[in-house]
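One file, coords-v8.tsv, carrying TSV, C-alpha atoms and all ligand atoms:
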chain	number	residue	atom	x	y	z
A	1	MET	CA	211.71	-96.53	-175.19
A	2	ASN	CA	208.36	-94.76	-175.58
A	3	GLU	CA	206.78	-92.83	-172.77
A	4	ILE	CA	203.47	-94.17	-171.54
A	5	LEU	CA	202.98	-91.36	-169.03
A	6	ARG	CA	204.11	-87.77	-169.14
A	7	ILE	CA	203.52	-85.21	-166.41
A	8	GLU	CA	204.52	-81.60	-166.91
A	9	GLY	CA	204.35	-78.76	-164.43
A	10	LEU	CA	201.80	-80.53	-162.27
A	11	THR	CA	200.62	-78.29	-159.46
A	12	LYS	CA	197.95	-78.90	-156.86
A	13	THR	CA	196.84	-76.34	-154.37
A	14	TYR	CA	194.12	-77.68	-152.09
A	15	GLU	CA	191.21	-75.57	-150.95
A	16	GLY	CA	192.55	-73.63	-148.03
A	17	GLY	CA	195.67	-72.75	-149.95
A	18	PHE	CA	198.04	-75.61	-149.21
A	19	THR	CA	200.21	-76.45	-152.22
A	20	ALA	CA	200.80	-80.20	-152.15
A	21	LEU	CA	202.46	-80.35	-155.57
A	22	GLY	CA	204.57	-77.49	-156.82
A	23	GLY	CA	205.31	-78.07	-160.50
A	24	VAL	CA	206.13	-81.74	-160.93
A	25	ASP	CA	207.69	-83.05	-164.15
A	26	LEU	CA	207.82	-86.79	-164.51
A	27	ASP	CA	207.68	-89.42	-167.20
A	28	LEU	CA	207.31	-93.16	-167.25
A	29	LYS	CA	208.75	-95.26	-170.00
A	30	GLU	CA	206.92	-98.23	-171.39
A	31	GLY	CA	207.75	-101.33	-169.36
A	32	GLU	CA	209.64	-99.66	-166.55
A	33	ILE	CA	209.14	-99.59	-162.81
A	34	LEU	CA	209.47	-96.18	-161.24
A	35	ALA	CA	209.57	-95.90	-157.48
A	36	LEU	CA	208.52	-92.61	-155.97
A	37	LEU	CA	210.14	-92.31	-152.64
A	38	GLY	CA	209.20	-89.64	-150.19
A	39	PRO	CA	208.49	-88.91	-146.56
A	40	ASN	CA	204.97	-88.54	-145.14
A	41	GLY	CA	203.01	-85.75	-146.77
A	42	ALA	CA	205.46	-85.34	-149.64
A	43	GLY	CA	202.64	-85.39	-152.20
A	44	LYS	CA	202.81	-88.95	-153.50
A	45	THR	CA	199.12	-89.77	-153.12
A	46	THR	CA	198.13	-86.35	-154.45
A	47	LEU	CA	200.19	-87.02	-157.56
A	48	ILE	CA	198.56	-90.40	-158.16
A	49	SER	CA	195.12	-88.93	-157.49
A	50	CYS	CA	195.69	-86.19	-160.07
A	51	VAL	CA	196.76	-88.73	-162.69
A	52	CYS	CA	193.72	-90.91	-161.99
A	53	GLY	CA	191.31	-87.96	-162.02
A	54	ILE	CA	190.36	-88.35	-158.36
A	55	VAL	CA	191.76	-84.91	-157.60
A	56	THR	CA	191.63	-82.00	-160.05
A	57	SER	CA	195.00	-80.46	-160.63
A	58	THR	CA	195.48	-76.70	-160.37
A	59	ALA	CA	197.94	-76.47	-163.26
A	60	GLY	CA	200.05	-78.61	-165.55
A	61	THR	CA	199.38	-81.41	-168.00
A	62	ILE	CA	199.20	-85.18	-167.72
A	63	THR	CA	199.26	-87.41	-170.78
A	64	VAL	CA	198.65	-91.15	-170.64
A	65	GLY	CA	199.40	-93.12	-173.79
A	66	GLY	CA	199.09	-89.86	-175.70
A	67	TYR	CA	195.69	-88.91	-174.21
A	68	ASP	CA	195.28	-85.77	-172.13
A	69	ALA	CA	194.12	-86.89	-168.70
A	70	GLN	CA	191.71	-83.97	-168.42
A	71	LYS	CA	190.43	-83.38	-171.95
A	72	GLU	CA	190.32	-87.06	-172.86
A	73	TYR	CA	189.70	-88.35	-169.37
A	74	ARG	CA	187.94	-91.61	-170.25
A	75	LYS	CA	190.52	-92.72	-172.78
A	76	ALA	CA	193.37	-91.83	-170.45
A	77	ARG	CA	191.72	-93.50	-167.45
A	78	MET	CA	191.18	-96.72	-169.41
A	79	LEU	CA	194.93	-97.10	-169.60
A	80	ILE	CA	195.45	-96.75	-165.85
A	81	GLY	CA	195.08	-99.28	-163.08
A	82	LEU	CA	195.12	-98.02	-159.52
A	83	VAL	CA	195.87	-100.06	-156.44
A	84	PRO	CA	194.93	-97.80	-153.56
A	85	GLN	CA	196.56	-97.71	-150.15
A	86	GLU	CA	193.47	-98.80	-148.28
A	87	ILE	CA	191.81	-102.15	-148.79
A	88	HIS	CA	188.20	-101.54	-149.86
A	89	LEU	CA	186.64	-104.80	-150.91
A	90	GLU	CA	183.18	-106.29	-150.83
A	91	PRO	CA	183.61	-108.97	-148.10
A	92	PHE	CA	180.85	-111.32	-149.29
A	93	SER	CA	181.78	-111.30	-152.97
A	94	LYS	CA	183.62	-114.16	-154.57
A	95	VAL	CA	187.12	-113.27	-155.74
A	96	ILE	CA	186.38	-113.95	-159.40
A	97	ASP	CA	183.12	-111.98	-159.32
A	98	THR	CA	184.66	-108.89	-157.79
A	99	VAL	CA	187.38	-108.85	-160.47
A	100	ARG	CA	184.87	-109.45	-163.30
A	101	TYR	CA	182.65	-106.71	-161.90
A	102	THR	CA	185.46	-104.15	-161.99
A	103	ARG	CA	186.14	-105.03	-165.62
A	104	GLY	CA	182.48	-104.38	-166.35
A	105	LEU	CA	182.65	-100.98	-164.69
A	106	PHE	CA	185.16	-99.93	-167.32
A	107	GLY	CA	182.76	-101.01	-170.03
A	108	LYS	CA	184.92	-103.90	-171.18
A	109	ARG	CA	183.18	-107.02	-172.44
A	110	ARG	CA	183.46	-110.15	-170.34
A	111	ASP	CA	186.66	-112.07	-170.99
A	112	ASP	CA	187.01	-115.16	-168.82
A	113	ALA	CA	190.33	-116.16	-170.35
A	114	TYR	CA	191.87	-112.81	-169.41
A	115	ILE	CA	190.47	-112.90	-165.86
A	116	GLU	CA	191.84	-116.42	-165.46
A	117	LYS	CA	195.23	-115.23	-166.67
A	118	ILE	CA	195.51	-112.44	-164.11
A	119	LEU	CA	194.17	-114.56	-161.27
A	120	ARG	CA	196.74	-117.21	-162.09
A	121	GLN	CA	199.47	-114.60	-162.37
A	122	LEU	CA	198.58	-113.35	-158.89
A	123	SER	CA	198.31	-116.86	-157.46
A	124	LEU	CA	194.60	-116.37	-156.80
A	125	TRP	CA	193.15	-118.88	-159.22
A	126	GLU	CA	192.73	-121.56	-156.53
A	127	LYS	CA	190.88	-118.98	-154.43
A	128	ARG	CA	188.62	-117.73	-157.21
A	129	ASP	CA	185.45	-119.05	-155.56
A	130	SER	CA	186.38	-117.98	-152.04
A	131	LYS	CA	184.67	-115.03	-150.48
A	132	VAL	CA	186.92	-112.01	-150.03
A	133	MET	CA	186.39	-112.15	-146.24
A	134	GLN	CA	187.96	-115.63	-146.18
A	135	LEU	CA	191.27	-114.41	-147.57
A	136	SER	CA	194.47	-113.48	-145.78
A	137	GLY	CA	195.74	-109.89	-145.83
A	138	GLY	CA	198.27	-110.70	-148.53
A	139	MET	CA	195.63	-112.32	-150.71
A	140	LYS	CA	193.34	-109.31	-150.29
A	141	ARG	CA	196.11	-107.06	-151.51
A	142	ARG	CA	196.52	-109.31	-154.53
A	143	VAL	CA	192.78	-109.09	-155.19
A	144	LEU	CA	193.17	-105.30	-155.24
A	145	ILE	CA	195.87	-105.71	-157.88
A	146	ALA	CA	193.69	-108.11	-159.89
A	147	LYS	CA	190.87	-105.54	-159.80
A	148	ALA	CA	193.26	-102.81	-160.91
A	149	LEU	CA	194.34	-105.01	-163.82
A	150	ALA	CA	190.84	-106.17	-164.76
A	151	HIS	CA	190.37	-103.68	-167.59
A	152	GLU	CA	193.82	-104.34	-169.11
A	153	PRO	CA	195.55	-101.08	-168.24
A	154	ARG	CA	199.03	-100.28	-169.47
A	155	VAL	CA	200.15	-98.36	-166.40
A	156	LEU	CA	199.68	-99.57	-162.87
A	157	PHE	CA	199.89	-97.30	-159.85
A	158	LEU	CA	200.67	-98.99	-156.59
A	159	ASP	CA	200.19	-96.60	-153.71
A	160	GLU	CA	202.33	-97.89	-150.87
A	161	PRO	CA	201.72	-101.54	-151.69
A	162	THR	CA	203.40	-102.82	-148.56
A	163	ALA	CA	202.59	-100.18	-145.95
A	164	GLY	CA	202.12	-101.90	-142.63
A	165	VAL	CA	202.70	-105.45	-143.86
A	166	ASP	CA	205.29	-107.83	-142.48
A	167	VAL	CA	208.59	-108.63	-144.14
A	168	GLU	CA	207.39	-111.89	-145.64
A	169	LEU	CA	204.36	-110.31	-147.27
A	170	ARG	CA	206.47	-107.46	-148.52
A	171	LYS	CA	208.76	-109.89	-150.31
A	172	GLU	CA	205.74	-111.70	-151.73
A	173	MET	CA	204.51	-108.38	-153.11
A	174	TRP	CA	207.90	-107.67	-154.67
A	175	ALA	CA	207.70	-111.00	-156.47
A	176	VAL	CA	204.21	-110.14	-157.73
A	177	VAL	CA	205.45	-106.83	-159.10
A	178	GLU	CA	208.30	-108.61	-160.90
A	179	THR	CA	205.76	-110.89	-162.58
A	180	LEU	CA	203.65	-107.93	-163.64
A	181	LYS	CA	206.63	-106.18	-165.10
A	182	ALA	CA	207.49	-109.28	-167.07
A	183	SER	CA	203.97	-109.21	-168.50
A	184	GLY	CA	204.65	-105.75	-169.94
A	185	VAL	CA	202.80	-103.44	-167.53
A	186	SER	CA	204.54	-100.18	-166.64
A	187	ILE	CA	204.47	-99.45	-162.92
A	188	VAL	CA	204.67	-96.45	-160.64
A	189	LEU	CA	204.90	-97.35	-157.01
A	190	THR	CA	205.08	-95.06	-154.05
A	191	THR	CA	206.83	-96.10	-150.93
A	192	HIS	CA	208.42	-94.98	-147.70
A	193	TYR	CA	210.61	-98.04	-147.78
A	194	ILE	CA	213.92	-97.48	-149.40
A	195	GLU	CA	214.67	-101.18	-149.64
A	196	GLU	CA	211.50	-101.53	-151.68
A	197	ALA	CA	212.75	-99.05	-154.26
A	198	GLU	CA	216.10	-100.72	-154.16
A	199	ALA	CA	214.60	-104.16	-154.74
A	200	MET	CA	212.17	-103.33	-157.52
A	201	ALA	CA	212.70	-100.07	-159.33
A	202	ASP	CA	214.42	-99.34	-162.61
A	203	ARG	CA	214.32	-95.65	-161.78
A	204	VAL	CA	213.90	-93.88	-158.49
A	205	GLY	CA	212.31	-90.50	-158.00
A	206	VAL	CA	212.58	-88.71	-154.71
A	207	ILE	CA	209.68	-86.42	-153.90
A	208	ASN	CA	209.81	-84.03	-151.01
A	209	LYS	CA	207.48	-81.15	-150.14
A	210	GLY	CA	205.64	-81.44	-153.45
A	211	LYS	CA	208.73	-81.26	-155.61
A	212	ILE	CA	210.80	-83.88	-157.35
A	213	ALA	CA	214.14	-83.61	-155.62
A	214	LEU	CA	215.76	-86.05	-157.99
A	215	ILE	CA	214.93	-88.71	-160.52
A	216	GLU	CA	217.45	-91.11	-161.87
A	217	GLU	CA	218.14	-94.69	-162.84
A	218	LYS	CA	218.62	-96.63	-159.68
A	219	SER	CA	222.01	-97.97	-160.63
A	220	LYS	CA	223.27	-94.53	-161.67
A	221	LEU	CA	221.86	-92.93	-158.56
A	222	MET	CA	223.64	-95.40	-156.38
A	223	ALA	CA	226.87	-95.05	-158.31
A	224	ARG	CA	226.73	-91.26	-158.45
A	225	LEU	CA	225.73	-90.49	-154.93
A	226	GLY	CA	226.73	-93.62	-153.17
A	227	ARG	CA	229.72	-94.01	-151.04
A	228	LYS	CA	231.63	-97.21	-150.84
A	229	THR	CA	233.44	-98.76	-147.96
A	230	LEU	CA	236.68	-100.62	-148.43
A	231	ARG	CA	237.30	-103.25	-145.78
A	232	ILE	CA	240.92	-104.15	-145.28
A	233	GLU	CA	241.52	-107.35	-143.38
A	234	LEU	CA	244.90	-107.34	-141.71
A	235	ASP	CA	247.51	-110.02	-141.16
A	236	ALA	CA	248.15	-108.86	-137.63
A	237	SER	CA	245.83	-106.73	-135.54
A	238	VAL	CA	246.57	-103.06	-134.90
A	239	SER	CA	245.60	-100.82	-132.03
A	240	ASP	CA	246.41	-97.42	-133.56
A	241	ILE	CA	246.45	-95.82	-136.95
A	242	PRO	CA	249.94	-94.59	-137.87
A	243	ALA	CA	250.15	-90.78	-138.09
A	244	SER	CA	251.16	-91.03	-141.76
A	245	LEU	CA	247.65	-92.39	-142.53
A	246	SER	CA	245.65	-89.93	-140.44
A	247	ASP	CA	244.17	-88.19	-143.52
A	248	TYR	CA	242.16	-91.26	-144.52
A	249	ASN	CA	239.82	-91.29	-141.50
A	250	LEU	CA	240.32	-95.02	-141.20
A	251	ARG	CA	238.22	-96.86	-138.67
A	252	ILE	CA	239.60	-99.77	-136.70
A	253	VAL	CA	237.04	-102.58	-136.42
A	254	GLU	CA	236.84	-106.22	-135.34
A	255	GLY	CA	239.26	-105.76	-132.47
A	256	GLY	CA	241.92	-104.29	-134.71
A	257	GLU	CA	241.83	-107.07	-137.30
A	258	ALA	CA	240.30	-104.92	-140.01
A	259	LEU	CA	240.23	-101.31	-141.16
A	260	LEU	CA	237.41	-99.50	-142.93
A	261	TYR	CA	237.93	-96.75	-145.47
A	262	GLU	CA	235.02	-94.77	-146.93
A	263	TYR	CA	235.34	-93.21	-150.35
A	264	GLU	CA	233.21	-91.63	-153.07
A	265	ALA	CA	232.19	-94.23	-155.61
A	266	GLY	CA	232.40	-93.31	-159.29
A	267	THR	CA	235.23	-90.82	-158.95
A	268	SER	CA	238.59	-91.28	-160.63
A	269	ASN	CA	240.46	-90.45	-157.48
A	270	THR	CA	239.28	-92.72	-154.72
A	271	GLY	CA	242.54	-92.58	-152.79
A	272	ILE	CA	242.71	-96.36	-152.59
A	273	THR	CA	246.02	-96.79	-154.40
A	274	ARG	CA	247.70	-94.21	-152.18
A	275	LEU	CA	246.18	-95.70	-149.08
A	276	LEU	CA	247.39	-99.20	-149.90
A	277	ALA	CA	250.89	-97.88	-150.61
A	278	GLY	CA	250.76	-95.95	-147.33
A	279	LEU	CA	249.78	-99.09	-145.41
A	280	ARG	CA	252.67	-100.99	-146.94
A	281	ASP	CA	255.09	-98.17	-146.05
A	282	ALA	CA	253.80	-98.23	-142.49
A	283	GLY	CA	254.55	-101.95	-142.33
A	284	ILE	CA	250.91	-103.02	-142.16
A	285	THR	CA	250.24	-106.10	-144.27
A	286	MET	CA	246.83	-107.25	-145.32
A	287	LYS	CA	245.04	-110.54	-145.84
A	288	ASP	CA	242.10	-109.49	-147.90
A	289	LEU	CA	240.15	-106.58	-149.38
A	290	SER	CA	236.43	-106.14	-150.03
A	291	THR	CA	234.12	-103.26	-150.87
A	292	ARG	CA	230.53	-102.53	-149.98
A	293	GLN	CA	228.16	-100.08	-151.69
A	294	SER	CA	226.21	-97.83	-149.35
A	295	SER	CA	222.48	-98.29	-149.54
A	296	LEU	CA	219.84	-96.12	-151.13
A	297	GLU	CA	218.70	-95.38	-147.59
A	298	GLU	CA	221.86	-93.46	-146.83
A	299	ILE	CA	221.59	-91.64	-150.15
A	300	PHE	CA	217.96	-90.72	-149.53
A	301	VAL	CA	218.55	-89.41	-146.04
A	302	GLN	CA	221.42	-87.32	-147.34
A	303	LEU	CA	219.33	-85.91	-150.19
A	304	VAL	CA	216.42	-84.86	-148.04
A	305	ALA	CA	218.83	-83.32	-145.54
A	306	ASP	CA	220.57	-81.37	-148.35
A	307	GLN	CA	217.20	-80.06	-149.52
A	308	GLU	CA	216.26	-78.91	-146.03
A	309	GLU	CA	219.59	-77.12	-145.79
A	310	THR	CA	219.06	-75.34	-149.14
A	311	ALA	CA	215.57	-74.29	-148.07
A	312	ALA	CA	216.78	-72.95	-144.71
B	1	LIG	N1	192.08	-82.80	-149.37
B	1	LIG	C1	193.13	-82.16	-148.88
B	1	LIG	N2	193.02	-80.89	-148.45
B	1	LIG	C2	194.09	-80.22	-147.95
B	1	LIG	N3	195.33	-80.73	-147.85
B	1	LIG	C3	195.50	-81.99	-148.28
B	1	LIG	C4	194.42	-82.78	-148.80
B	1	LIG	N4	194.90	-84.01	-149.14
B	1	LIG	C5	196.22	-83.98	-148.83
B	1	LIG	N5	196.57	-82.79	-148.31
B	1	LIG	C6	197.93	-82.38	-147.87
B	1	LIG	O1	198.82	-82.46	-148.96
B	1	LIG	C7	200.09	-82.96	-148.52
B	1	LIG	C8	200.48	-84.15	-149.37
B	1	LIG	O2	199.64	-85.24	-149.05
B	1	LIG	P1	199.76	-86.66	-149.77
B	1	LIG	O3	198.70	-87.54	-149.20
B	1	LIG	O4	199.81	-86.46	-151.22
B	1	LIG	O5	201.20	-87.11	-149.26
B	1	LIG	P2	201.91	-88.52	-149.35
B	1	LIG	O6	203.26	-88.25	-149.88
B	1	LIG	O7	201.06	-89.48	-150.08
B	1	LIG	O8	201.99	-88.90	-147.84
B	1	LIG	P3	201.90	-90.36	-147.13
B	1	LIG	O9	203.18	-91.01	-147.44
B	1	LIG	O10	201.78	-89.98	-145.69
B	1	LIG	O11	200.69	-91.05	-147.68
B	1	LIG	C9	199.96	-83.26	-147.05
B	1	LIG	O12	200.51	-82.17	-146.32
B	1	LIG	C10	198.46	-83.35	-146.83
B	1	LIG	O13	198.11	-82.93	-145.53
Whole structure, structure tokens version:
Amino acid sequence: MNEILRIEGLTKTYEGGFTALGGVDLDLKEGEILALLGPNGAGKTTLISCVCGIVTSTAGTITVGGYDAQKEYRKARMLIGLVPQEIHLEPFSKVIDTVRYTRGLFGKRRDDAYIEKILRQLSLWEKRDSKVMQLSGGMKRRVLIAKALAHEPRVLFLDEPTAGVDVELRKEMWAVVETLKASGVSIVLTTHYIEEAEAMADRVGVINKGKIALIEEKSKLMARLGRKTLRIELDASVSDIPASLSDYNLRIVEGGEALLYEYEAGTSNTGITRLLAGLRDAGITMKDLSTRQSSLEEIFVQLVADQEETAA
């Protein structure tokens, strides 16, 4: 897969001396969704602003579709769509006009068929003649996306697309992003919400204190760092764990009718075979077994904590 975006050694020190980005390397492959996950103040917005030319970087290079974002700013910027965090829209404009207008700003000739396509894609076509002020919050967010797509960019940046919106709207936004991906746009989205990264991303980058702590395919990340829990449903309930099984840190749950065993996923030695043999030897028989993968949330919390520890 080709890279549509490449960032190397990106550093931003704001006036006053605060370094918000300390040498970030990142790439985005054509057609993928990358979620940048990070706590408040990690540098996510600064990163997006550097790529879009809103903030001047202190050092490093950014290439979009092969164009240098500084030296060939206009060509690079043409390939980028930005959906900002805040909703800034002209309340009295009609939906279709505001989207057409943005296309014009990029110097693209009018293309009604294209505008219709994106408005349909974003379920806004029926609302095309409504004034922006008449729309719901979710629709306004979709208008922002339509505006960001108006000039046919190849990379879309979504800066916290669901910050402060309710669960239903968040799911609606996830569905929109899926549709966009299917249409071939590459997407970088920033989020605080781990479940958002989990639901949408192909790759997940964790940014903390201006540095990429980790970037990896979501499935690999979960397999590599994730822990799994084995749930053992018992034939007859137990009240104690036999001493012979004390090494496994088993937890008794559901009033003694089930046991939980946590193990490292992706390792060759999970201890499960030995544990099951040990249970049999202790005379404990089981009804059923199931496993559960720990969430990205647990992984993320662990990662940030590890980084704090290394820094201390
Ligand atoms: N113009 C500025 N001048 C000085 N410091 C700034 C400026 N803009 C941002 N910062 C600082 O840079 C750091 C990174 O900010 P940034 O907005 O990139 O973080 P973020 O990861 O997007 O956070 P959030 O999730 O809260 O939006 C913060 O400590 C912020 O205070």
Tell me which of A:Leu230, A:Ala201, A:Ile284, A:Ile194 sits closest to Lys181 of chain A, counting all atoms listed in the file. A:Ala201
Restricting the calculation to all atoms listed in the file: of A:Tyr193, A:Phe106, A:Trp125, A:Tyr67, which residue gets closest to ligand LIG 1 (chain B)?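 Counting all atoms listed in the file, the residue closest to ligand LIG 1 (chain B) is A:Tyr193.
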How close does each residue of chain A get to ligand LIG 1 (chain B), giving the shortest atom pair and distance in Å to one decimal for every residue with an atom at most 7 Å away, counting only C-alpha atoms and all ligand atoms, sorted by chain and residue number, as JSON lines?
{"residue": "A:Tyr14", "atom": "CA", "partner": "B:LIG1", "partner_atom": "C2", "distance": 4.9}
{"residue": "A:Glu15", "atom": "CA", "partner": "B:LIG1", "partner_atom": "N2", "distance": 6.2}
{"residue": "A:Gly16", "atom": "CA", "partner": "B:LIG1", "partner_atom": "C2", "distance": 6.8}
{"residue": "A:Phe18", "atom": "CA", "partner": "B:LIG1", "partner_atom": "N3", "distance": 6.0}
{"residue": "A:Thr19", "atom": "CA", "partner": "B:LIG1", "partner_atom": "O1", "distance": 7.0}
{"residue": "A:Ala20", "atom": "CA", "partner": "B:LIG1", "partner_atom": "O1", "distance": 4.4}
{"residue": "A:Gly38", "atom": "CA", "partner": "B:LIG1", "partner_atom": "O6", "distance": 6.1}
{"residue": "A:Pro39", "atom": "CA", "partner": "B:LIG1", "partner_atom": "O9", "distance": 5.8}
{"residue": "A:Asn40", "atom": "CA", "partner": "B:LIG1", "partner_atom": "O10", "distance": 3.5}
{"residue": "A:Gly41", "atom": "CA", "partner": "B:LIG1", "partner_atom": "O5", "distance": 3.4}
{"residue": "A:Ala42", "atom": "CA", "partner": "B:LIG1", "partner_atom": "O6", "distance": 3.7}
{"residue": "A:Gly43", "atom": "CA", "partner": "B:LIG1", "partner_atom": "O4", "distance": 3.2}
{"residue": "A:Lys44", "atom": "CA", "partner": "B:LIG1", "partner_atom": "O6", "distance": 3.7}
{"residue": "A:Thr45", "atom": "CA", "partner": "B:LIG1", "partner_atom": "O7", "distance": 3.6}
{"residue": "A:Thr46", "atom": "CA", "partner": "B:LIG1", "partner_atom": "O4", "distance": 3.6}
{"residue": "A:Leu47", "atom": "CA", "partner": "B:LIG1", "partner_atom": "O4", "distance": 6.4}
{"residue": "A:His192", "atom": "CA", "partner": "B:LIG1", "partner_atom": "O9", "distance": 6.6}
Using all atoms listed in the file and a cutoff of 9 Å, can you tell me which residues are near (231.9, -103.1, -151.8) in the file's coordinates, and write them out as number ranges by chain? A: 228-231, 290-294
Dump C-alpha atoms for the selected residues as a JSON list (two decimals), in the frame of the given file?
[["chain", "number", "residue", "atom", "x", "y", "z"],
["A", 228, "LYS", "CA", 231.63, -97.21, -150.84],
["A", 229, "THR", "CA", 233.44, -98.76, -147.96],
["A", 230, "LEU", "CA", 236.68, -100.62, -148.43],
["A", 231, "ARG", "CA", 237.30, -103.25, -145.78],
["A", 290, "SER", "CA", 236.43, -106.14, -150.03],
["A", 291, "THR", "CA", 234.12, -103.26, -150.87],
["A", 292, "ARG", "CA", 230.53, -102.53, -149.98],
["A", 293, "GLN", "CA", 228.16, -100.08, -151.69],
["A", 294, "SER", "CA", 226.21, -97.83, -149.35]]
Taking (243.7, -108.4, -136.6) in the file's own coordinates, collect the residues within 8 Å, counting all atoms listed in the file, and hand them back as a PDB file with C-alpha atoms, in the coordinates of the input.
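That gives us selection-v6.pdb:
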ATOM      1  CA  GLU A 233     241.520-107.350-143.380  1.00  0.00           C
ATOM      2  CA  LEU A 234     244.900-107.340-141.710  1.00  0.00           C
ATOM      3  CA  ASP A 235     247.510-110.020-141.160  1.00  0.00           C
ATOM      4  CA  ALA A 236     248.150-108.860-137.630  1.00  0.00           C
ATOM      5  CA  SER A 237     245.830-106.730-135.540  1.00  0.00           C
ATOM      6  CA  VAL A 238     246.570-103.060-134.900  1.00  0.00           C
ATOM      7  CA  GLU A 254     236.840-106.220-135.340  1.00  0.00           C
ATOM      8  CA  GLY A 255     239.260-105.760-132.470  1.00  0.00           C
ATOM      9  CA  GLY A 256     241.920-104.290-134.710  1.00  0.00           C
ATOM     10  CA  GLU A 257     241.830-107.070-137.300  1.00  0.00           C
ATOM     11  CA  ALA A 258     240.300-104.920-140.010  1.00  0.00           C
TER      12      ALA A 258
END
Mind pulling up the distance from atom CA of Ala76 of chain A to atom CA of Gly210 of chain A? 23.4 Å
